[in-house]
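**Q** The following file, upload39.txt, comprises compact mmCIF, C-alpha atoms and all ligand atoms:
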```txt
# COMPACT_ATOMS: atom_id res chain seq x y z
CA MET A 13 47.23 13.78 -18.82
CA SER A 14 44.80 11.85 -16.64
CA ASP A 15 43.23 8.61 -17.85
CA PRO A 16 39.70 8.95 -19.18
CA PHE A 17 38.59 5.86 -17.24
CA ASP A 18 39.10 4.78 -13.64
CA LEU A 19 38.10 1.27 -14.61
CA LEU A 20 37.80 -0.67 -17.82
CA LEU A 21 35.90 -3.96 -18.03
CA ALA A 22 37.53 -5.49 -21.06
CA GLY A 23 36.24 -8.12 -23.45
CA GLY A 24 33.14 -9.33 -21.61
CA THR A 25 29.72 -9.99 -23.11
CA ILE A 26 27.40 -7.16 -22.15
CA LEU A 27 24.07 -8.70 -21.17
CA ASP A 28 21.49 -5.98 -20.59
CA PRO A 29 17.93 -7.33 -20.83
CA ALA A 30 16.48 -3.82 -20.41
CA CYS A 31 17.56 -2.98 -23.97
CA GLY A 32 17.89 -6.50 -25.35
CA ARG A 33 21.66 -6.27 -25.69
CA ARG A 34 23.90 -9.35 -25.67
CA GLN A 35 27.14 -8.47 -27.33
CA GLU A 36 30.89 -8.51 -26.68
CA MET A 37 31.84 -4.98 -25.62
CA ASP A 38 34.07 -3.03 -23.27
CA ALA A 39 32.64 -0.90 -20.47
CA GLY A 40 34.37 2.20 -19.12
CA VAL A 41 33.74 3.67 -15.68
CA SER A 42 34.80 7.05 -14.34
CA GLY A 43 33.78 9.07 -11.31
CA GLY A 44 31.61 6.17 -10.15
CA ARG A 45 29.51 6.25 -13.32
CA ILE A 46 29.26 4.26 -16.53
CA THR A 47 30.82 6.52 -19.15
CA ALA A 48 31.34 4.30 -22.20
CA ILE A 49 30.15 1.00 -23.66
CA GLN A 50 31.86 0.32 -26.96
CA PRO A 51 33.18 -2.58 -29.02
CA SER A 52 36.75 -1.67 -28.13
CA LEU A 53 38.18 0.87 -25.70
CA PRO A 54 41.97 1.41 -25.55
CA ARG A 55 43.51 -0.66 -22.70
CA ASN A 56 45.92 2.15 -21.82
CA SER A 57 43.08 4.61 -21.25
CA ALA A 58 42.22 3.29 -17.79
CA GLN A 59 43.86 3.24 -14.36
CA ARG A 60 42.66 -0.30 -13.84
CA VAL A 61 41.69 -2.95 -16.36
CA VAL A 62 39.60 -5.97 -15.37
CA ASN A 63 39.82 -8.76 -17.91
CA ALA A 64 36.22 -9.91 -18.34
CA ARG A 65 36.85 -12.18 -21.33
CA GLY A 66 34.66 -15.25 -21.10
CA CYS A 67 32.35 -13.49 -18.63
CA TYR A 68 28.96 -11.83 -18.82
CA VAL A 69 28.64 -8.23 -17.67
CA THR A 70 25.16 -7.35 -16.41
CA PRO A 71 23.62 -4.45 -14.53
CA GLY A 72 24.33 -4.89 -10.81
CA LEU A 73 22.05 -7.60 -9.43
CA ILE A 74 19.07 -6.59 -7.30
CA ASP A 75 18.06 -8.99 -4.52
CA PHE A 76 14.42 -8.04 -4.09
CA HIS A 77 13.89 -9.85 -0.78
CA ILE A 78 16.39 -10.07 2.07
CA HIS A 79 16.46 -9.22 5.80
CA SER A 80 19.31 -6.88 6.60
CA TYR A 81 18.24 -5.04 9.79
CA TRP A 82 21.08 -6.66 11.74
CA GLY A 83 21.02 -6.31 15.53
CA VAL A 84 17.45 -5.01 15.64
CA ASN A 85 15.07 -7.35 13.86
CA PRO A 86 15.00 -11.08 14.80
CA TYR A 87 15.45 -12.04 11.12
CA GLY A 88 18.25 -9.57 10.42
CA PHE A 89 21.79 -10.53 9.42
CA ASP A 90 24.82 -8.56 8.33
CA ALA A 91 24.04 -8.73 4.62
CA ASP A 92 26.44 -6.14 3.30
CA LEU A 93 29.50 -8.27 2.54
CA VAL A 94 27.40 -11.22 1.39
CA CYS A 95 25.74 -8.93 -1.13
CA VAL A 96 28.80 -7.37 -2.75
CA GLY A 97 30.54 -10.78 -2.66
CA SER A 98 27.73 -12.33 -4.67
CA GLY A 99 27.05 -9.74 -7.34
CA VAL A 100 24.28 -7.93 -5.48
CA THR A 101 24.61 -4.13 -5.68
CA THR A 102 21.09 -3.36 -4.46
CA ALA A 103 19.13 -5.30 -1.84
CA ILE A 104 15.62 -4.70 -0.61
CA ASP A 105 14.89 -5.43 3.01
CA ALA A 106 11.40 -6.93 3.11
CA GLY A 107 9.65 -5.52 6.12
CA SER A 108 12.24 -5.72 8.92
CA SER A 109 11.26 -2.22 9.92
CA GLY A 110 7.92 -0.57 10.46
CA PRO A 111 7.13 3.12 10.85
CA VAL A 112 8.45 3.14 14.45
CA ASN A 113 11.94 1.79 13.74
CA PHE A 114 12.50 2.66 10.07
CA PRO A 115 14.67 5.70 11.01
CA GLY A 116 17.20 3.28 12.54
CA PHE A 117 17.26 1.21 9.36
CA GLU A 118 17.92 4.32 7.34
CA ARG A 119 20.69 5.62 9.59
CA PHE A 120 22.46 2.44 10.68
CA ILE A 121 21.93 0.12 7.70
CA ALA A 122 21.09 2.03 4.52
CA ARG A 123 23.59 4.86 5.02
CA GLN A 124 26.44 2.61 6.14
CA SER A 125 26.27 -0.29 3.71
CA ARG A 126 28.38 -0.76 0.62
CA THR A 127 25.34 -2.35 -0.96
CA ARG A 128 22.52 0.01 -1.78
CA MET A 129 19.95 -1.01 0.85
CA LEU A 130 16.31 -0.15 0.20
CA ALA A 131 13.32 -1.16 2.30
CA LEU A 132 9.74 -2.28 2.13
CA VAL A 133 8.11 -0.86 5.25
CA CYS A 134 6.02 -3.28 7.29
CA VAL A 135 2.40 -2.37 7.85
CA ALA A 136 2.99 -3.45 11.49
CA GLN A 137 4.64 -0.70 13.43
CA HIS A 138 7.81 -2.56 14.54
CA GLY A 139 8.33 -4.64 11.41
CA VAL A 140 8.07 -8.42 11.09
CA LEU A 141 8.42 -10.28 14.41
CA SER A 142 8.84 -13.95 15.23
CA SER A 143 6.82 -14.92 18.29
CA PRO A 144 4.27 -13.47 18.81
CA GLY A 145 3.71 -12.46 15.19
CA GLU A 146 3.61 -8.82 14.19
CA LEU A 147 -0.16 -8.64 13.55
CA GLU A 148 -1.60 -11.24 15.87
CA ASP A 149 -2.91 -8.14 17.63
CA LEU A 150 -4.20 -5.57 15.14
CA ARG A 151 -3.39 -2.72 17.54
CA PHE A 152 0.13 -3.06 16.14
CA ALA A 153 -1.04 -2.27 12.61
CA ASN A 154 -0.08 1.20 11.45
CA PRO A 155 -0.97 1.66 7.77
CA ASP A 156 -0.97 5.46 7.96
CA GLY A 157 2.49 5.49 9.55
CA ALA A 158 3.82 3.00 6.99
CA ALA A 159 2.45 5.10 4.13
CA ARG A 160 3.91 8.29 5.61
CA THR A 161 7.32 6.61 5.95
CA VAL A 162 7.30 5.66 2.27
CA ARG A 163 6.20 9.15 1.20
CA ASP A 164 8.74 10.95 3.41
CA HIS A 165 11.75 8.65 2.73
CA SER A 166 11.28 7.71 -0.90
CA ASP A 167 15.05 7.47 -1.44
CA VAL A 168 15.13 4.34 0.78
CA ALA A 169 11.54 3.24 1.50
CA VAL A 170 10.05 1.90 -1.73
CA GLY A 171 6.90 -0.04 -0.77
CA ILE A 172 4.88 -1.88 1.84
CA LYS A 173 5.27 -5.41 3.28
CA VAL A 174 2.70 -7.69 4.86
CA ARG A 175 2.90 -11.35 5.89
CA LEU A 176 -0.29 -13.38 5.88
CA GLN A 177 0.92 -16.63 7.45
CA ARG A 178 -0.95 -17.76 10.55
CA SER A 179 2.09 -17.35 12.82
CA SER A 180 2.30 -13.67 11.79
CA VAL A 181 -1.35 -12.65 11.80
CA GLY A 182 -3.34 -15.31 13.68
CA ASN A 183 -6.86 -15.02 12.32
CA ASN A 184 -6.34 -11.47 11.07
CA GLY A 185 -5.15 -12.32 7.56
CA ARG A 186 -8.02 -10.71 5.70
CA GLN A 187 -7.76 -7.44 7.68
CA ALA A 188 -3.95 -7.44 7.44
CA LEU A 189 -4.13 -7.69 3.64
CA ARG A 190 -6.62 -4.85 3.42
CA LEU A 191 -4.61 -2.61 5.75
CA ALA A 192 -1.50 -3.21 3.63
CA ILE A 193 -3.35 -2.30 0.42
CA GLN A 194 -4.63 0.82 2.18
CA ALA A 195 -1.00 1.78 2.97
CA GLY A 196 0.04 1.01 -0.61
CA GLU A 197 -2.69 3.25 -1.98
CA ALA A 198 -1.91 6.09 0.42
CA SER A 199 1.79 5.96 -0.50
CA ARG A 200 1.26 5.10 -4.21
CA SER A 201 3.69 2.24 -3.78
CA PRO A 202 3.64 -1.53 -4.30
CA VAL A 203 2.67 -4.02 -1.59
CA MET A 204 4.62 -7.25 -1.16
CA VAL A 205 2.48 -10.07 0.24
CA HIS A 206 4.09 -13.09 1.90
CA ILE A 207 2.06 -16.26 1.20
CA GLY A 208 2.27 -19.82 2.57
CA ASP A 209 0.31 -21.27 5.51
CA THR A 210 -2.41 -18.63 5.16
CA ALA A 211 -6.05 -18.84 6.30
CA VAL A 212 -7.04 -16.55 3.40
CA SER A 213 -7.57 -18.33 0.08
CA MET A 214 -5.14 -17.76 -2.79
CA GLU A 215 -8.06 -16.56 -4.90
CA GLU A 216 -8.95 -13.87 -2.38
CA ILE A 217 -5.32 -12.79 -2.03
CA VAL A 218 -4.58 -12.37 -5.73
CA ASP A 219 -8.00 -10.86 -6.49
CA THR A 220 -7.32 -8.19 -3.85
CA LEU A 221 -3.90 -7.23 -5.21
CA ARG A 222 -3.43 -4.33 -7.60
CA PRO A 223 -1.29 -4.39 -10.75
CA GLY A 224 2.29 -3.90 -9.55
CA ASP A 225 1.74 -5.56 -6.17
CA VAL A 226 4.00 -8.55 -5.52
CA VAL A 227 3.32 -12.10 -4.31
CA THR A 228 6.50 -13.35 -2.61
CA HIS A 229 7.33 -17.03 -1.92
CA CYS A 230 5.39 -17.79 -5.10
CA PHE A 231 6.69 -21.39 -5.28
CA THR A 232 6.27 -22.21 -1.59
CA PRO A 233 5.17 -25.78 -0.79
CA LEU A 234 3.14 -24.40 2.15
CA LYS A 235 -0.59 -24.25 1.46
CA PRO A 236 -2.39 -22.68 -0.21
CA GLY A 237 0.03 -22.20 -3.10
CA ILE A 238 -0.37 -20.82 -6.61
CA VAL A 239 -0.78 -24.38 -7.93
CA ASP A 240 -4.00 -26.18 -6.92
CA GLU A 241 -4.47 -29.71 -5.52
CA ALA A 242 -4.64 -31.12 -9.05
CA GLY A 243 -1.24 -29.67 -9.87
CA ARG A 244 -2.48 -26.90 -12.16
CA LEU A 245 -1.85 -23.16 -11.94
CA ARG A 246 -4.91 -21.60 -10.30
CA PRO A 247 -6.95 -19.62 -12.87
CA ALA A 248 -7.16 -16.66 -10.46
CA VAL A 249 -3.35 -16.57 -10.32
CA ARG A 250 -3.11 -16.58 -14.11
CA ARG A 251 -5.63 -13.73 -14.34
CA ALA A 252 -3.76 -11.74 -11.68
CA HIS A 253 -0.46 -12.19 -13.53
CA GLU A 254 -2.09 -11.07 -16.78
CA ARG A 255 -3.30 -7.84 -15.19
CA GLY A 256 0.14 -7.06 -13.79
CA VAL A 257 0.44 -8.64 -10.35
CA LEU A 258 4.09 -9.71 -9.97
CA PHE A 259 5.44 -13.04 -8.71
CA ASP A 260 8.67 -13.13 -6.70
CA VAL A 261 10.60 -16.26 -5.69
CA GLY A 262 11.68 -15.35 -2.09
CA HIS A 263 13.50 -18.69 -1.71
CA ALA A 264 14.40 -18.71 2.03
CA THR A 265 14.67 -22.04 3.85
CA ARG A 266 11.08 -23.14 3.37
CA HIS A 267 9.70 -21.54 0.23
CA LEU A 268 10.98 -23.22 -2.93
CA ALA A 269 9.69 -26.51 -4.39
CA PHE A 270 11.17 -27.45 -7.76
CA ASP A 271 8.08 -29.51 -8.59
CA LEU A 272 5.81 -26.45 -8.20
CA VAL A 273 8.16 -24.37 -10.36
CA ARG A 274 7.90 -27.00 -13.13
CA ARG A 275 4.11 -27.14 -12.89
CA ALA A 276 3.63 -23.36 -12.81
CA MET A 277 6.11 -22.81 -15.65
CA GLY A 278 4.43 -25.61 -17.59
CA ASP A 279 1.18 -23.66 -17.27
CA GLY A 280 2.87 -20.47 -18.46
CA LEU A 281 3.85 -18.64 -15.27
CA LEU A 282 7.51 -17.66 -15.02
CA PRO A 283 8.63 -15.68 -11.96
CA ASP A 284 8.93 -11.96 -12.65
CA ILE A 285 11.56 -11.58 -9.94
CA ILE A 286 14.12 -14.04 -8.53
CA SER A 287 15.17 -13.27 -4.94
CA SER A 288 16.92 -15.13 -2.13
CA ASP A 289 15.07 -14.08 1.05
CA LEU A 290 18.33 -14.64 2.92
CA HIS A 291 17.80 -13.94 6.62
CA GLY A 292 19.47 -14.46 9.97
CA ARG A 293 17.51 -17.47 11.19
CA MET A 294 18.80 -19.97 8.62
CA SER A 295 20.85 -23.00 9.46
CA THR A 296 24.16 -23.34 7.66
CA SER A 297 22.66 -26.23 5.66
CA ASN A 298 19.98 -23.96 4.15
CA PRO A 299 19.31 -24.68 0.47
CA VAL A 300 19.45 -21.02 -0.66
CA VAL A 301 23.22 -20.36 -0.49
CA ASP A 302 22.99 -17.00 -2.29
CA LEU A 303 21.30 -15.15 -5.15
CA PRO A 304 23.54 -16.52 -7.97
CA THR A 305 22.79 -20.08 -6.78
CA THR A 306 19.06 -19.28 -6.79
CA MET A 307 19.44 -17.90 -10.33
CA THR A 308 21.26 -21.09 -11.38
CA LYS A 309 18.27 -23.14 -10.18
CA PHE A 310 15.91 -21.23 -12.48
CA LEU A 311 18.35 -21.42 -15.38
CA THR A 312 18.37 -25.19 -14.91
CA LEU A 313 14.57 -25.31 -14.60
CA GLY A 314 14.21 -23.83 -18.07
CA MET A 315 14.42 -20.05 -18.00
CA SER A 316 16.82 -18.47 -20.49
CA LEU A 317 19.90 -16.57 -19.31
CA GLU A 318 18.23 -13.34 -20.47
CA GLN A 319 15.07 -14.12 -18.50
CA VAL A 320 17.05 -14.96 -15.36
CA ALA A 321 19.14 -11.79 -15.69
CA ALA A 322 16.01 -9.67 -16.24
CA ALA A 323 14.44 -11.17 -13.10
CA CYS A 324 17.36 -9.81 -11.04
CA THR A 325 17.90 -6.47 -12.81
CA ILE A 326 15.28 -4.57 -14.81
CA ASN A 327 12.20 -6.40 -13.50
CA PRO A 328 12.81 -5.60 -9.81
CA ALA A 329 13.88 -2.06 -10.78
CA ARG A 330 10.55 -1.56 -12.56
CA ALA A 331 8.64 -3.11 -9.66
CA ILE A 332 9.71 -0.23 -7.41
CA GLY A 333 9.52 2.40 -10.17
CA TRP A 334 13.30 2.85 -10.24
CA GLN A 335 13.88 1.78 -13.86
CA ASP A 336 15.41 5.19 -14.61
CA ARG A 337 18.04 4.63 -11.88
CA LEU A 338 18.59 0.88 -11.61
CA GLY A 339 18.59 -2.28 -13.65
CA SER A 340 20.28 -1.30 -16.89
CA LEU A 341 23.67 -0.22 -18.22
CA GLU A 342 22.87 3.17 -19.69
CA ILE A 343 25.65 5.71 -20.06
CA GLY A 344 25.67 8.16 -17.14
CA ARG A 345 24.20 5.77 -14.60
CA GLU A 346 25.86 4.95 -11.31
CA ALA A 347 28.38 2.20 -12.08
CA ASP A 348 26.72 -0.87 -10.56
CA LEU A 349 27.71 -3.94 -12.58
CA THR A 350 28.06 -7.65 -12.03
CA VAL A 351 30.61 -9.81 -13.85
CA PHE A 352 29.87 -13.53 -13.82
CA GLU A 353 30.96 -16.65 -15.58
CA LEU A 354 28.96 -19.75 -16.48
CA VAL A 355 31.11 -22.52 -15.01
CA ASP A 356 30.65 -26.10 -16.23
CA GLY A 357 29.08 -28.52 -13.75
CA PRO A 358 27.58 -30.82 -12.96
CA VAL A 359 26.54 -29.32 -9.65
CA SER A 360 23.79 -30.63 -7.37
CA LEU A 361 21.26 -28.12 -6.00
CA ARG A 362 18.47 -28.64 -3.45
CA ASP A 363 15.05 -27.15 -2.83
CA SER A 364 13.19 -26.67 0.48
CA LEU A 365 11.84 -30.24 0.41
CA GLY A 366 15.24 -31.82 -0.20
CA ALA A 367 14.59 -32.54 -3.89
CA GLU A 368 17.74 -32.47 -6.01
CA LEU A 369 18.41 -30.79 -9.30
CA THR A 370 21.55 -31.27 -11.36
CA ALA A 371 22.78 -28.09 -13.02
CA LYS A 372 24.97 -28.49 -16.11
CA GLU A 373 26.48 -25.08 -15.47
CA ARG A 374 26.35 -22.55 -12.68
CA ILE A 375 26.51 -18.78 -12.37
CA ALA A 376 29.76 -17.84 -10.60
CA VAL A 377 30.27 -14.16 -9.79
CA ARG A 378 33.83 -12.96 -10.46
CA TRP A 379 33.51 -9.26 -9.65
CA THR A 380 30.91 -6.88 -8.32
CA ILE A 381 31.26 -3.20 -9.18
CA ARG A 382 29.34 -0.95 -6.82
CA ARG A 383 29.44 2.78 -7.64
CA GLY A 384 32.71 2.16 -9.48
CA GLU A 385 34.39 0.25 -6.64
CA VAL A 386 35.51 -3.31 -7.43
CA PHE A 387 34.76 -6.25 -5.11
CA GLN A 388 35.96 -9.79 -5.68
CA GLY A 389 33.29 -12.48 -6.08
CA SER A 390 33.32 -14.98 -3.22
CA ARG A 391 32.51 -18.20 -5.09
ZN ZN B 1 11.39 -12.65 3.97
```
Before we go any further, please render this structure as structure tokens.
**A**
Amino acid sequence: MSDPFDLLLAGGTILDPACGRRQEMDAGVSGGRITAIQPSLPRNSAQRVVNARGCYVTPGLIDFHIHSYWGVNPYGFDADLVCVGSGVTTAIDAGSSGPVNFPGFERFIARQSRTRMLALVCVAQHGVLSSPGELEDLRFANPDGAARTVRDHSDVAVGIKVRLQRSSVGNNGRQALRLAIQAGEASRSPVMVHIGDTAVSMEEIVDTLRPGDVVTHCFTPLKPGIVDEAGRLRPAVRRAHERGVLFDVGHATRHLAFDLVRRAMGDGLLPDIISSDLHGRMSTSNPVVDLPTTMTKFLTLGMSLEQVAAACTINPARAIGWQDRLGSLEIGREADLTVFELVDGPVSLRDSLGAELTAKERIAVRWTIRRGEVFQGSR
């Protein structure tokens, strides 16, 4: 008689913010799907048992902002092994491809990665560029092509990306934002807007965004930020958040200041989504490290474990309208799970300005399960 389960995650605490569950339970996986979550499943009913005692078991982590178009885009790196080694089962490439070169991303990255790779399609036709910037010349804008790509490839292309920093758009920030919204409307998909060092005011940016659009690099120290000169959350940002505009961390090398996180959280704004923005142009001394380290920073800054887990599971799934496929541990779903431990510190963490934060405990990924396959955590 064959075993009912290919894999049994035994004795962990199931933490599934989508349904508010935090409870010690076993999880059974067969045929690459989650087939049972129960207080106790027989240990001899599985081909392989992973002892998750002392660990949390969450839906597979979603890194909402990375750059994985290796070998093609100047920001790309080979993200696949980094992702499954750090609990990330789904990663969203933020604009490395535009309508011209998205087919290559789909064929050479999305189809060949262990990690599920999705993409936000850049409103500029070749994706984000470094120098010159992708929309310094608006002849490179292609909102119709970007919208068509999202409509025609909705299994991989899930939204639109635009960067508004001066080095990307020169003096075209206002037009770039409007062209991106136009593409978002034509494709009925969210727009992610990169802020920091923009000529357009924060008020104009957030007032232009629709509910469901995403501000990335929300705690960047580059001006203008979501916190004003007096250190208070801008009223326009609060209003935008209340009507459903989402705020995403997008850490990267330059875009996280602990002080701004404290001020914004003190004024009631928690990030909806926590993401790494790992890319291929970082020095080895970059402060990001990986997604679990970024999550640990927000845990230390005052978010609860449930809030941090939601910001890397159900919240990003909802942001792309995939909540029926990703971000929770429902029976029958593809078996994407992350098993992590809270390891006692102290551990010292840095932000983009070199400020230090001492974490009492850190999130350490032990195993990543992607479509039923088990990968060992790397830290
Ligand atoms: Zn980025």
**Q** Per residue of chain A within 6 Å of ligand ZN 1 (chain B), what are the shortest atom pair and its distance in Å to one decimal, counting all atoms listed in the file, with rows by chain and residue number, as CSV?
**A**
```
residue,atom,partner,partner_atom,distance
A:Ile78,CA,B:ZN1,ZN,5.9
A:Ala106,CA,B:ZN1,ZN,5.8
A:Asp289,CA,B:ZN1,ZN,4.9
```
**Q** Hey, which of A:Arg175, A:Gly23, A:Gly99, A:Ile217 ends up closest to Leu53 of chain A? Count only C-alpha atoms.
**A** A:Gly23
**Q** Considering all atoms listed in the file, can you say which of A:Val181, A:Val94, A:Met294, A:Ile285 comes closest to Pro144 of chain A?
**A** A:Val181
**Q** Around the point (-2.0, -5.1, -6.8) (coordinates from the file), which residues reach within 9 Å if we count only C-alpha atoms? Answer as a list in words.
**A**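 In the file's frame, the residues around the point are Ile193, Gly196, Pro202, Val203, Met204, Val218, Asp219, Thr220, Leu221, Arg222, Pro223, Gly224, Asp225, Val226, Ala252, Arg255, Gly256, Val257 and Leu258 of chain A.
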**Q** Between atom CA of Ile26 of chain A and atom CA of Asp302 of chain A, what is the spacing in Å?
**A**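 These two atoms are separated by 22.6 Å.
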